[in-house]
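Asks: Structure below; questions to follow.
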Amino acid sequence: MTQPFNPPLTAIALNATLKRGDDKHPSSTERILRYLETHLAPYDVTTEHIRLSEFNIEPGVTSLESDRDDWPRIREKIINADILIFGSPIWLGQPSSICKRVLERMDAFLSETDDHNRMPSYGRIAVVAVVGNEDGAHLVSSQLYQALNDVGFTIPANGVTYWVGEAMQSTNFVDLAEVPETVASATKMLAANCAHLARLLKNAPYPGSG
């Protein structure tokens, strides 16, 4: 029996922290994304990281809002990757404002379909990483799941890893000496399922309709 082709995979990790990218502002979101990257690497997945706060992502719902808009470059990386990893901190119990802006920009995918009614995101996997020192990980992941599914991404089983510290305290994920076992276990499961499903869709893309 012919064995399935197992090509290397690429992932793009979007870090929706509100912090700028310098040593004075360590990001818990970045730490959990880098941790997930180490679990994807054994499955021959190469990950590129983008800290969204470093770019000018204009408000709007199209793929190009102005000549100063950095979104087209980020969009190209997203649709060229096999896997989208969306990392967000929890603020006021919700995804960050930058995270929401990116989801709004992805709304354009709904009208950018090909001849088979497939959006640019079709056949691509999306997973979620969430951190915070307040409640809200399930709410944040559910909001991201629904939005990403609406714009054409496929969510694997157990497609989230998260860490939530004690509410109203100052300890962040980036401050932990060790990654808790529960986070480690969830991350391993996410990586395995994510890479598996990405290869299945790469070998057998969605047929589309119309």
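Labels for the structure tokens follow display order: chains A, B, ..., residues from 1 in each chain, ligands from 1.
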Find the residues of stretch 13-43 of chain A that sit at most 9 Å from stretch 51-58 of chain A; for each, write down the nearest two atoms and how far apart they are in Å, to one decimal. Count only C-alpha atoms. Sort by chain, then by number going up, and give it as JSON lines.

Replies:
```
{"residue": "A:Ala13", "atom": "CA", "partner": "A:Arg51", "partner_atom": "CA", "distance": 8.4}
{"residue": "A:Leu14", "atom": "CA", "partner": "A:Arg51", "partner_atom": "CA", "distance": 6.2}
{"residue": "A:Asn15", "atom": "CA", "partner": "A:Arg51", "partner_atom": "CA", "distance": 4.7}
{"residue": "A:Ala16", "atom": "CA", "partner": "A:Leu52", "partner_atom": "CA", "distance": 5.6}
{"residue": "A:Thr17", "atom": "CA", "partner": "A:Ser53", "partner_atom": "CA", "distance": 6.9}
{"residue": "A:Leu18", "atom": "CA", "partner": "A:Ser53", "partner_atom": "CA", "distance": 6.1}
{"residue": "A:Lys19", "atom": "CA", "partner": "A:Ser53", "partner_atom": "CA", "distance": 6.8}
{"residue": "A:Arg20", "atom": "CA", "partner": "A:Ser53", "partner_atom": "CA", "distance": 6.1}
{"residue": "A:Gly21", "atom": "CA", "partner": "A:Glu54", "partner_atom": "CA", "distance": 7.0}
{"residue": "A:Glu30", "atom": "CA", "partner": "A:Arg51", "partner_atom": "CA", "distance": 8.2}
```

Asks: With N, CA, C and O atoms kept, could you save the residues just selected as a PDB file, in the first residue's frame?

Replies:
```pdb
ATOM      1  N   ALA A  13       2.957  32.151  13.795  1.00  0.00           N
ATOM      2  CA  ALA A  13       2.462  32.415  15.145  1.00  0.00           C
ATOM      3  C   ALA A  13       2.217  33.909  15.300  1.00  0.00           C
ATOM      4  O   ALA A  13       3.160  34.713  15.240  1.00  0.00           O
ATOM      5  N   LEU A  14       0.967  34.287  15.493  1.00  0.00           N
ATOM      6  CA  LEU A  14       0.599  35.687  15.683  1.00  0.00           C
ATOM      7  C   LEU A  14       0.503  35.977  17.177  1.00  0.00           C
ATOM      8  O   LEU A  14      -0.338  35.396  17.875  1.00  0.00           O
ATOM      9  N   ASN A  15       1.350  36.867  17.646  1.00  0.00           N
ATOM     10  CA  ASN A  15       1.377  37.241  19.054  1.00  0.00           C
ATOM     11  C   ASN A  15       0.592  38.537  19.220  1.00  0.00           C
ATOM     12  O   ASN A  15       1.028  39.599  18.786  1.00  0.00           O
ATOM     13  N   ALA A  16      -0.576  38.443  19.862  1.00  0.00           N
ATOM     14  CA  ALA A  16      -1.453  39.601  20.016  1.00  0.00           C
ATOM     15  C   ALA A  16      -1.262  40.306  21.355  1.00  0.00           C
ATOM     16  O   ALA A  16      -2.183  40.941  21.863  1.00  0.00           O
ATOM     17  N   THR A  17      -0.060  40.201  21.930  1.00  0.00           N
ATOM     18  CA  THR A  17       0.235  40.956  23.137  1.00  0.00           C
ATOM     19  C   THR A  17       0.110  42.458  22.862  1.00  0.00           C
ATOM     20  O   THR A  17       0.294  42.911  21.729  1.00  0.00           O
ATOM     21  N   LEU A  18      -0.176  43.216  23.895  1.00  0.00           N
ATOM     22  CA  LEU A  18      -0.202  44.668  23.763  1.00  0.00           C
ATOM     23  C   LEU A  18       1.177  45.278  23.971  1.00  0.00           C
ATOM     24  O   LEU A  18       1.359  46.479  23.773  1.00  0.00           O
ATOM     25  N   LYS A  19       2.142  44.452  24.367  1.00  0.00           N
ATOM     26  CA  LYS A  19       3.485  44.944  24.675  1.00  0.00           C
ATOM     27  C   LYS A  19       4.334  45.068  23.411  1.00  0.00           C
ATOM     28  O   LYS A  19       4.160  44.318  22.454  1.00  0.00           O
ATOM     29  N   ARG A  20       5.271  46.002  23.461  1.00  0.00           N
ATOM     30  CA  ARG A  20       6.218  46.169  22.375  1.00  0.00           C
ATOM     31  C   ARG A  20       7.311  45.108  22.469  1.00  0.00           C
ATOM     32  O   ARG A  20       7.527  44.501  23.518  1.00  0.00           O
ATOM     33  N   GLY A  21       8.028  44.910  21.383  1.00  0.00           N
ATOM     34  CA  GLY A  21       9.019  43.844  21.320  1.00  0.00           C
ATOM     35  C   GLY A  21      10.388  44.258  21.801  1.00  0.00           C
ATOM     36  O   GLY A  21      11.300  44.404  20.995  1.00  0.00           O
ATOM     37  N   GLU A  30       4.287  35.484  24.174  1.00  0.00           N
ATOM     38  CA  GLU A  30       5.435  34.996  23.403  1.00  0.00           C
ATOM     39  C   GLU A  30       6.003  33.728  24.022  1.00  0.00           C
ATOM     40  O   GLU A  30       6.369  32.792  23.300  1.00  0.00           O
TER      41      GLU A  30
END
```

Asks: With stretch 64-85 of chain A as the partner and 12 Å as the cut-off, tabulate the residues of stretch 3-39 of chain A that qualify, each row holding the nearest pair of atoms and their distance in Å to one decimal, using only C-alpha atoms, sorted by chain and rising number, as a Markdown table.

Replies:
```
| residue | atom | partner | partner_atom | distance |
| --- | --- | --- | --- | --- |
| A:Pro7 | CA | A:Asp82 | CA | 10.8 |
| A:Pro8 | CA | A:Asp82 | CA | 9.6 |
| A:Leu9 | CA | A:Asp82 | CA | 6.1 |
| A:Thr10 | CA | A:Ala81 | CA | 5.2 |
| A:Ala11 | CA | A:Ile83 | CA | 4.4 |
| A:Ile12 | CA | A:Leu84 | CA | 5.2 |
| A:Ala13 | CA | A:Ile85 | CA | 4.5 |
| A:Leu14 | CA | A:Ile85 | CA | 6.1 |
| A:Asn15 | CA | A:Ile85 | CA | 8.5 |
| A:Ala16 | CA | A:Ile85 | CA | 10.7 |
| A:Thr29 | CA | A:Ile85 | CA | 11.3 |
| A:Glu30 | CA | A:Ile85 | CA | 11.4 |
| A:Ile32 | CA | A:Ile85 | CA | 10.9 |
| A:Leu33 | CA | A:Ile85 | CA | 7.9 |
| A:Arg34 | CA | A:Ile85 | CA | 10.8 |
| A:Leu36 | CA | A:Ile85 | CA | 9.2 |
| A:Glu37 | CA | A:Ile85 | CA | 9.6 |
```

Asks: Those residues with N, CA, C and O atoms, as a PDB file, in the first residue's frame please?

Replies:
```
ATOM      1  N   PRO A   7       5.093  15.806   3.972  1.00  0.00           N
ATOM      2  CA  PRO A   7       5.954  16.961   3.712  1.00  0.00           C
ATOM      3  C   PRO A   7       6.198  17.763   4.982  1.00  0.00           C
ATOM      4  O   PRO A   7       5.423  17.683   5.943  1.00  0.00           O
ATOM      5  N   PRO A   8       7.274  18.541   5.014  1.00  0.00           N
ATOM      6  CA  PRO A   8       7.452  19.477   6.128  1.00  0.00           C
ATOM      7  C   PRO A   8       6.324  20.501   6.111  1.00  0.00           C
ATOM      8  O   PRO A   8       5.720  20.767   5.066  1.00  0.00           O
ATOM      9  N   LEU A   9       6.043  21.078   7.270  1.00  0.00           N
ATOM     10  CA  LEU A   9       4.958  22.040   7.406  1.00  0.00           C
ATOM     11  C   LEU A   9       5.495  23.382   7.894  1.00  0.00           C
ATOM     12  O   LEU A   9       6.542  23.446   8.534  1.00  0.00           O
ATOM     13  N   THR A  10       4.744  24.422   7.605  1.00  0.00           N
ATOM     14  CA  THR A  10       5.097  25.751   8.102  1.00  0.00           C
ATOM     15  C   THR A  10       3.966  26.292   8.965  1.00  0.00           C
ATOM     16  O   THR A  10       2.781  26.033   8.705  1.00  0.00           O
ATOM     17  N   ALA A  11       4.342  27.056   9.981  1.00  0.00           N
ATOM     18  CA  ALA A  11       3.362  27.686  10.865  1.00  0.00           C
ATOM     19  C   ALA A  11       3.697  29.157  11.012  1.00  0.00           C
ATOM     20  O   ALA A  11       4.864  29.551  10.968  1.00  0.00           O
ATOM     21  N   ILE A  12       2.668  29.967  11.190  1.00  0.00           N
ATOM     22  CA  ILE A  12       2.842  31.380  11.497  1.00  0.00           C
ATOM     23  C   ILE A  12       2.191  31.631  12.850  1.00  0.00           C
ATOM     24  O   ILE A  12       1.020  31.299  13.053  1.00  0.00           O
ATOM     25  N   ALA A  13       2.957  32.151  13.795  1.00  0.00           N
ATOM     26  CA  ALA A  13       2.462  32.415  15.145  1.00  0.00           C
ATOM     27  C   ALA A  13       2.217  33.909  15.300  1.00  0.00           C
ATOM     28  O   ALA A  13       3.160  34.713  15.240  1.00  0.00           O
ATOM     29  N   LEU A  14       0.967  34.287  15.493  1.00  0.00           N
ATOM     30  CA  LEU A  14       0.599  35.687  15.683  1.00  0.00           C
ATOM     31  C   LEU A  14       0.503  35.977  17.177  1.00  0.00           C
ATOM     32  O   LEU A  14      -0.338  35.396  17.875  1.00  0.00           O
ATOM     33  N   ASN A  15       1.350  36.867  17.646  1.00  0.00           N
ATOM     34  CA  ASN A  15       1.377  37.241  19.054  1.00  0.00           C
ATOM     35  C   ASN A  15       0.592  38.537  19.220  1.00  0.00           C
ATOM     36  O   ASN A  15       1.028  39.599  18.786  1.00  0.00           O
ATOM     37  N   ALA A  16      -0.576  38.443  19.862  1.00  0.00           N
ATOM     38  CA  ALA A  16      -1.453  39.601  20.016  1.00  0.00           C
ATOM     39  C   ALA A  16      -1.262  40.306  21.355  1.00  0.00           C
ATOM     40  O   ALA A  16      -2.183  40.941  21.863  1.00  0.00           O
ATOM     41  N   THR A  29       2.585  35.873  26.326  1.00  0.00           N
ATOM     42  CA  THR A  29       2.061  35.285  25.093  1.00  0.00           C
ATOM     43  C   THR A  29       3.193  34.733  24.247  1.00  0.00           C
ATOM     44  O   THR A  29       3.091  33.637  23.676  1.00  0.00           O
ATOM     45  N   GLU A  30       4.287  35.484  24.174  1.00  0.00           N
ATOM     46  CA  GLU A  30       5.435  34.996  23.403  1.00  0.00           C
ATOM     47  C   GLU A  30       6.003  33.728  24.022  1.00  0.00           C
ATOM     48  O   GLU A  30       6.369  32.792  23.300  1.00  0.00           O
ATOM     49  N   ILE A  32       4.481  31.348  25.701  1.00  0.00           N
ATOM     50  CA  ILE A  32       3.678  30.148  25.429  1.00  0.00           C
ATOM     51  C   ILE A  32       3.729  29.794  23.945  1.00  0.00           C
ATOM     52  O   ILE A  32       3.705  28.611  23.576  1.00  0.00           O
ATOM     53  N   LEU A  33       3.864  30.796  23.070  1.00  0.00           N
ATOM     54  CA  LEU A  33       4.003  30.502  21.640  1.00  0.00           C
ATOM     55  C   LEU A  33       5.340  29.828  21.345  1.00  0.00           C
ATOM     56  O   LEU A  33       5.406  28.883  20.545  1.00  0.00           O
ATOM     57  N   ARG A  34       6.406  30.292  21.982  1.00  0.00           N
ATOM     58  CA  ARG A  34       7.719  29.659  21.794  1.00  0.00           C
ATOM     59  C   ARG A  34       7.708  28.244  22.364  1.00  0.00           C
ATOM     60  O   ARG A  34       8.341  27.327  21.810  1.00  0.00           O
ATOM     61  N   LEU A  36       5.077  26.261  22.521  1.00  0.00           N
ATOM     62  CA  LEU A  36       4.353  25.441  21.551  1.00  0.00           C
ATOM     63  C   LEU A  36       5.234  25.112  20.352  1.00  0.00           C
ATOM     64  O   LEU A  36       5.200  23.990  19.831  1.00  0.00           O
ATOM     65  N   GLU A  37       6.040  26.083  19.931  1.00  0.00           N
ATOM     66  CA  GLU A  37       6.949  25.839  18.805  1.00  0.00           C
ATOM     67  C   GLU A  37       7.863  24.647  19.070  1.00  0.00           C
ATOM     68  O   GLU A  37       8.116  23.830  18.169  1.00  0.00           O
TER      69      GLU A  37
END
```

Asks: Give me, as a list of chain:residue names, all polymer residues having an atom no more than 12 Å from A:Tyr35, counting only C-alpha atoms and skipping those fewer than 6 positions away in the same chain.

Replies: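 With the cut-off at 12 Å, the set is A:Ala13, A:Ser28, A:Thr29, A:Ala41, A:Thr47, A:Gly87, A:Ala129, A:Thr161, A:Tyr162, A:Phe173, A:Val174, A:Glu178, A:Val179, A:Pro180, A:Val183, A:Ala184, A:Ser185, A:Ala186, A:Thr187, A:Lys188, A:Leu190, A:Ala191.
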
Asks: If we count only C-alpha atoms and set the cut-off at 12 Å, which residues sit around A:Pro207, ignoring sequence neighbours fewer than 6 positions away in its own chain? Please answer as an mmCIF file with N, CA, C and O atoms, in the first residue's frame.

Replies:
```cif
data_model
loop_
_atom_site.group_PDB
_atom_site.id
_atom_site.type_symbol
_atom_site.label_atom_id
_atom_site.label_comp_id
_atom_site.auth_asym_id
_atom_site.auth_seq_id
_atom_site.Cartn_x
_atom_site.Cartn_y
_atom_site.Cartn_z
ATOM 1 N N ASP A 114 -12.351 31.333 -4.280
ATOM 2 C CA ASP A 114 -11.944 30.912 -5.617
ATOM 3 C C ASP A 114 -13.135 30.353 -6.384
ATOM 4 O O ASP A 114 -14.297 30.472 -5.948
ATOM 5 N N ASP A 115 -12.883 29.716 -7.519
ATOM 6 C CA ASP A 115 -13.965 29.208 -8.362
ATOM 7 C C ASP A 115 -14.752 28.084 -7.712
ATOM 8 O O ASP A 115 -15.845 27.740 -8.173
ATOM 9 N N HIS A 116 -14.196 27.480 -6.659
ATOM 10 C CA HIS A 116 -14.888 26.404 -5.945
ATOM 11 C C HIS A 116 -15.440 26.887 -4.602
ATOM 12 O O HIS A 116 -15.733 26.081 -3.716
ATOM 13 N N ASN A 117 -15.566 28.197 -4.457
ATOM 14 C CA ASN A 117 -16.150 28.815 -3.258
ATOM 15 C C ASN A 117 -15.309 28.586 -2.006
ATOM 16 O O ASN A 117 -15.815 28.546 -0.894
ATOM 17 N N ARG A 118 -13.993 28.449 -2.197
ATOM 18 C CA ARG A 118 -13.081 28.242 -1.070
ATOM 19 C C ARG A 118 -12.374 29.546 -0.723
ATOM 20 O O ARG A 118 -11.821 30.209 -1.597
ATOM 21 N N MET A 119 -12.375 29.877 0.562
ATOM 22 C CA MET A 119 -11.681 31.068 1.019
ATOM 23 C C MET A 119 -10.163 30.840 1.012
ATOM 24 O O MET A 119 -9.711 29.689 0.978
ATOM 25 N N TYR A 122 -8.820 28.153 3.355
ATOM 26 C CA TYR A 122 -9.263 26.765 3.292
ATOM 27 C C TYR A 122 -8.075 25.804 3.253
ATOM 28 O O TYR A 122 -7.082 26.051 2.571
ATOM 29 N N GLY A 123 -8.210 24.709 4.010
ATOM 30 C CA GLY A 123 -7.149 23.713 4.065
ATOM 31 C C GLY A 123 -6.057 24.062 5.052
ATOM 32 O O GLY A 123 -5.078 23.325 5.169
ATOM 33 N N LEU A 201 -4.830 17.458 5.375
ATOM 34 C CA LEU A 201 -5.417 18.426 4.451
ATOM 35 C C LEU A 201 -4.455 18.827 3.346
ATOM 36 O O LEU A 201 -4.876 19.181 2.247
#
```

Asks: Select from stretch 75-167 of chain A everything DSSP, run on the backbone, classes as alpha helix (DSSP H), then give the selection as a PDB file with N, CA, C and O atoms, in the first residue's frame.

Replies:
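Final output, saved to states-v1.pdb:
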```pdb
ATOM      1  N   ARG A  75      -1.021  39.126   6.055  1.00  0.00           N
ATOM      2  CA  ARG A  75      -2.012  38.270   5.408  1.00  0.00           C
ATOM      3  C   ARG A  75      -1.339  37.257   4.488  1.00  0.00           C
ATOM      4  O   ARG A  75      -1.706  36.079   4.472  1.00  0.00           O
ATOM      5  N   GLU A  76      -0.354  37.711   3.713  1.00  0.00           N
ATOM      6  CA  GLU A  76       0.341  36.808   2.784  1.00  0.00           C
ATOM      7  C   GLU A  76       1.028  35.677   3.536  1.00  0.00           C
ATOM      8  O   GLU A  76       0.995  34.518   3.105  1.00  0.00           O
ATOM      9  N   LYS A  77       1.646  35.996   4.669  1.00  0.00           N
ATOM     10  CA  LYS A  77       2.306  34.957   5.467  1.00  0.00           C
ATOM     11  C   LYS A  77       1.285  33.961   6.010  1.00  0.00           C
ATOM     12  O   LYS A  77       1.543  32.747   6.080  1.00  0.00           O
ATOM     13  N   ILE A  78       0.110  34.457   6.412  1.00  0.00           N
ATOM     14  CA  ILE A  78      -0.931  33.590   6.959  1.00  0.00           C
ATOM     15  C   ILE A  78      -1.414  32.601   5.908  1.00  0.00           C
ATOM     16  O   ILE A  78      -1.513  31.392   6.159  1.00  0.00           O
ATOM     17  N   ILE A  79      -1.725  33.090   4.713  1.00  0.00           N
ATOM     18  CA  ILE A  79      -2.308  32.202   3.705  1.00  0.00           C
ATOM     19  C   ILE A  79      -1.264  31.301   3.051  1.00  0.00           C
ATOM     20  O   ILE A  79      -1.614  30.315   2.404  1.00  0.00           O
ATOM     21  N   ASN A  80       0.017  31.613   3.247  1.00  0.00           N
ATOM     22  CA  ASN A  80       1.071  30.743   2.720  1.00  0.00           C
ATOM     23  C   ASN A  80       1.507  29.676   3.727  1.00  0.00           C
ATOM     24  O   ASN A  80       2.259  28.761   3.358  1.00  0.00           O
ATOM     25  N   SER A  97      -7.273  43.750  22.109  1.00  0.00           N
ATOM     26  CA  SER A  97      -7.808  44.585  21.033  1.00  0.00           C
ATOM     27  C   SER A  97      -7.104  44.310  19.706  1.00  0.00           C
ATOM     28  O   SER A  97      -7.722  44.353  18.641  1.00  0.00           O
ATOM     29  N   ILE A  98      -5.798  44.018  19.773  1.00  0.00           N
ATOM     30  CA  ILE A  98      -5.050  43.706  18.548  1.00  0.00           C
ATOM     31  C   ILE A  98      -5.558  42.396  17.944  1.00  0.00           C
ATOM     32  O   ILE A  98      -5.704  42.277  16.726  1.00  0.00           O
ATOM     33  N   CYS A  99      -5.834  41.444  18.796  1.00  0.00           N
ATOM     34  CA  CYS A  99      -6.380  40.170  18.338  1.00  0.00           C
ATOM     35  C   CYS A  99      -7.701  40.391  17.597  1.00  0.00           C
ATOM     36  O   CYS A  99      -7.910  39.867  16.501  1.00  0.00           O
ATOM     37  N   LYS A 100      -8.559  41.203  18.171  1.00  0.00           N
ATOM     38  CA  LYS A 100      -9.856  41.460  17.547  1.00  0.00           C
ATOM     39  C   LYS A 100      -9.689  42.183  16.211  1.00  0.00           C
ATOM     40  O   LYS A 100     -10.427  41.917  15.254  1.00  0.00           O
ATOM     41  N   ARG A 101      -8.743  43.098  16.146  1.00  0.00           N
ATOM     42  CA  ARG A 101      -8.535  43.821  14.891  1.00  0.00           C
ATOM     43  C   ARG A 101      -8.114  42.876  13.771  1.00  0.00           C
ATOM     44  O   ARG A 101      -8.580  42.988  12.630  1.00  0.00           O
ATOM     45  N   VAL A 102      -7.234  41.927  14.082  1.00  0.00           N
ATOM     46  CA  VAL A 102      -6.797  40.959  13.072  1.00  0.00           C
ATOM     47  C   VAL A 102      -7.967  40.096  12.610  1.00  0.00           C
ATOM     48  O   VAL A 102      -8.115  39.820  11.409  1.00  0.00           O
ATOM     49  N   LEU A 103      -8.805  39.680  13.537  1.00  0.00           N
ATOM     50  CA  LEU A 103      -9.980  38.897  13.152  1.00  0.00           C
ATOM     51  C   LEU A 103     -10.891  39.703  12.230  1.00  0.00           C
ATOM     52  O   LEU A 103     -11.445  39.162  11.265  1.00  0.00           O
ATOM     53  N   GLU A 104     -11.034  40.990  12.515  1.00  0.00           N
ATOM     54  CA  GLU A 104     -11.856  41.842  11.654  1.00  0.00           C
ATOM     55  C   GLU A 104     -11.267  41.944  10.249  1.00  0.00           C
ATOM     56  O   GLU A 104     -12.003  41.927   9.255  1.00  0.00           O
ATOM     57  N   ARG A 105      -9.951  42.011  10.160  1.00  0.00           N
ATOM     58  CA  ARG A 105      -9.324  42.083   8.843  1.00  0.00           C
ATOM     59  C   ARG A 105      -9.506  40.771   8.069  1.00  0.00           C
ATOM     60  O   ARG A 105      -9.612  40.781   6.836  1.00  0.00           O
ATOM     61  N   MET A 106      -9.539  39.653   8.787  1.00  0.00           N
ATOM     62  CA  MET A 106      -9.750  38.365   8.132  1.00  0.00           C
ATOM     63  C   MET A 106     -11.166  38.220   7.577  1.00  0.00           C
ATOM     64  O   MET A 106     -11.439  37.324   6.772  1.00  0.00           O
ATOM     65  N   ALA A 137      -9.991  32.168  29.871  1.00  0.00           N
ATOM     66  CA  ALA A 137      -9.337  31.378  28.824  1.00  0.00           C
ATOM     67  C   ALA A 137     -10.352  30.659  27.936  1.00  0.00           C
ATOM     68  O   ALA A 137     -10.189  30.613  26.716  1.00  0.00           O
ATOM     69  N   HIS A 138     -11.398  30.093  28.526  1.00  0.00           N
ATOM     70  CA  HIS A 138     -12.389  29.383  27.727  1.00  0.00           C
ATOM     71  C   HIS A 138     -13.186  30.351  26.863  1.00  0.00           C
ATOM     72  O   HIS A 138     -13.494  30.057  25.700  1.00  0.00           O
ATOM     73  N   LEU A 139     -13.519  31.513  27.417  1.00  0.00           N
ATOM     74  CA  LEU A 139     -14.253  32.500  26.626  1.00  0.00           C
ATOM     75  C   LEU A 139     -13.406  32.997  25.458  1.00  0.00           C
ATOM     76  O   LEU A 139     -13.887  33.083  24.324  1.00  0.00           O
ATOM     77  N   VAL A 140     -12.142  33.302  25.716  1.00  0.00           N
ATOM     78  CA  VAL A 140     -11.256  33.786  24.658  1.00  0.00           C
ATOM     79  C   VAL A 140     -11.097  32.730  23.568  1.00  0.00           C
ATOM     80  O   VAL A 140     -11.213  33.030  22.373  1.00  0.00           O
ATOM     81  N   SER A 141     -10.821  31.496  23.969  1.00  0.00           N
ATOM     82  CA  SER A 141     -10.626  30.448  22.956  1.00  0.00           C
ATOM     83  C   SER A 141     -11.903  30.198  22.168  1.00  0.00           C
ATOM     84  O   SER A 141     -11.851  29.982  20.949  1.00  0.00           O
ATOM     85  N   SER A 142     -13.058  30.251  22.820  1.00  0.00           N
ATOM     86  CA  SER A 142     -14.309  30.014  22.092  1.00  0.00           C
ATOM     87  C   SER A 142     -14.581  31.132  21.085  1.00  0.00           C
ATOM     88  O   SER A 142     -15.059  30.879  19.977  1.00  0.00           O
ATOM     89  N   GLN A 143     -14.254  32.374  21.451  1.00  0.00           N
ATOM     90  CA  GLN A 143     -14.432  33.480  20.512  1.00  0.00           C
ATOM     91  C   GLN A 143     -13.502  33.329  19.310  1.00  0.00           C
ATOM     92  O   GLN A 143     -13.905  33.562  18.163  1.00  0.00           O
ATOM     93  N   LEU A 144     -12.264  32.936  19.576  1.00  0.00           N
ATOM     94  CA  LEU A 144     -11.314  32.759  18.479  1.00  0.00           C
ATOM     95  C   LEU A 144     -11.700  31.575  17.608  1.00  0.00           C
ATOM     96  O   LEU A 144     -11.626  31.652  16.370  1.00  0.00           O
ATOM     97  N   TYR A 145     -12.093  30.470  18.235  1.00  0.00           N
ATOM     98  CA  TYR A 145     -12.522  29.302  17.461  1.00  0.00           C
ATOM     99  C   TYR A 145     -13.615  29.686  16.461  1.00  0.00           C
ATOM    100  O   TYR A 145     -13.548  29.335  15.277  1.00  0.00           O
ATOM    101  N   GLN A 146     -14.661  30.347  16.953  1.00  0.00           N
ATOM    102  CA  GLN A 146     -15.796  30.656  16.093  1.00  0.00           C
ATOM    103  C   GLN A 146     -15.401  31.596  14.968  1.00  0.00           C
ATOM    104  O   GLN A 146     -15.764  31.391  13.809  1.00  0.00           O
ATOM    105  N   ALA A 147     -14.640  32.633  15.305  1.00  0.00           N
ATOM    106  CA  ALA A 147     -14.234  33.599  14.281  1.00  0.00           C
ATOM    107  C   ALA A 147     -13.342  32.945  13.235  1.00  0.00           C
ATOM    108  O   ALA A 147     -13.518  33.163  12.021  1.00  0.00           O
ATOM    109  N   LEU A 148     -12.363  32.152  13.673  1.00  0.00           N
ATOM    110  CA  LEU A 148     -11.447  31.507  12.734  1.00  0.00           C
ATOM    111  C   LEU A 148     -12.173  30.490  11.858  1.00  0.00           C
ATOM    112  O   LEU A 148     -11.872  30.339  10.673  1.00  0.00           O
ATOM    113  N   ASN A 149     -13.129  29.785  12.445  1.00  0.00           N
ATOM    114  CA  ASN A 149     -13.933  28.854  11.657  1.00  0.00           C
ATOM    115  C   ASN A 149     -14.779  29.597  10.629  1.00  0.00           C
ATOM    116  O   ASN A 149     -14.913  29.160   9.475  1.00  0.00           O
ATOM    117  N   ASP A 150     -15.345  30.731  11.027  1.00  0.00           N
ATOM    118  CA  ASP A 150     -16.170  31.515  10.108  1.00  0.00           C
ATOM    119  C   ASP A 150     -15.395  31.952   8.866  1.00  0.00           C
ATOM    120  O   ASP A 150     -15.975  32.058   7.781  1.00  0.00           O
TER     121      ASP A 150
END
```

Asks: Could you write out, as a PyMOL selection string, all the residues of chain A that DSSP marks as strand (DSSP E or B)?

Replies: chain A and resi 9-15+45-51+83-91+94-95+125-132+154+160-164
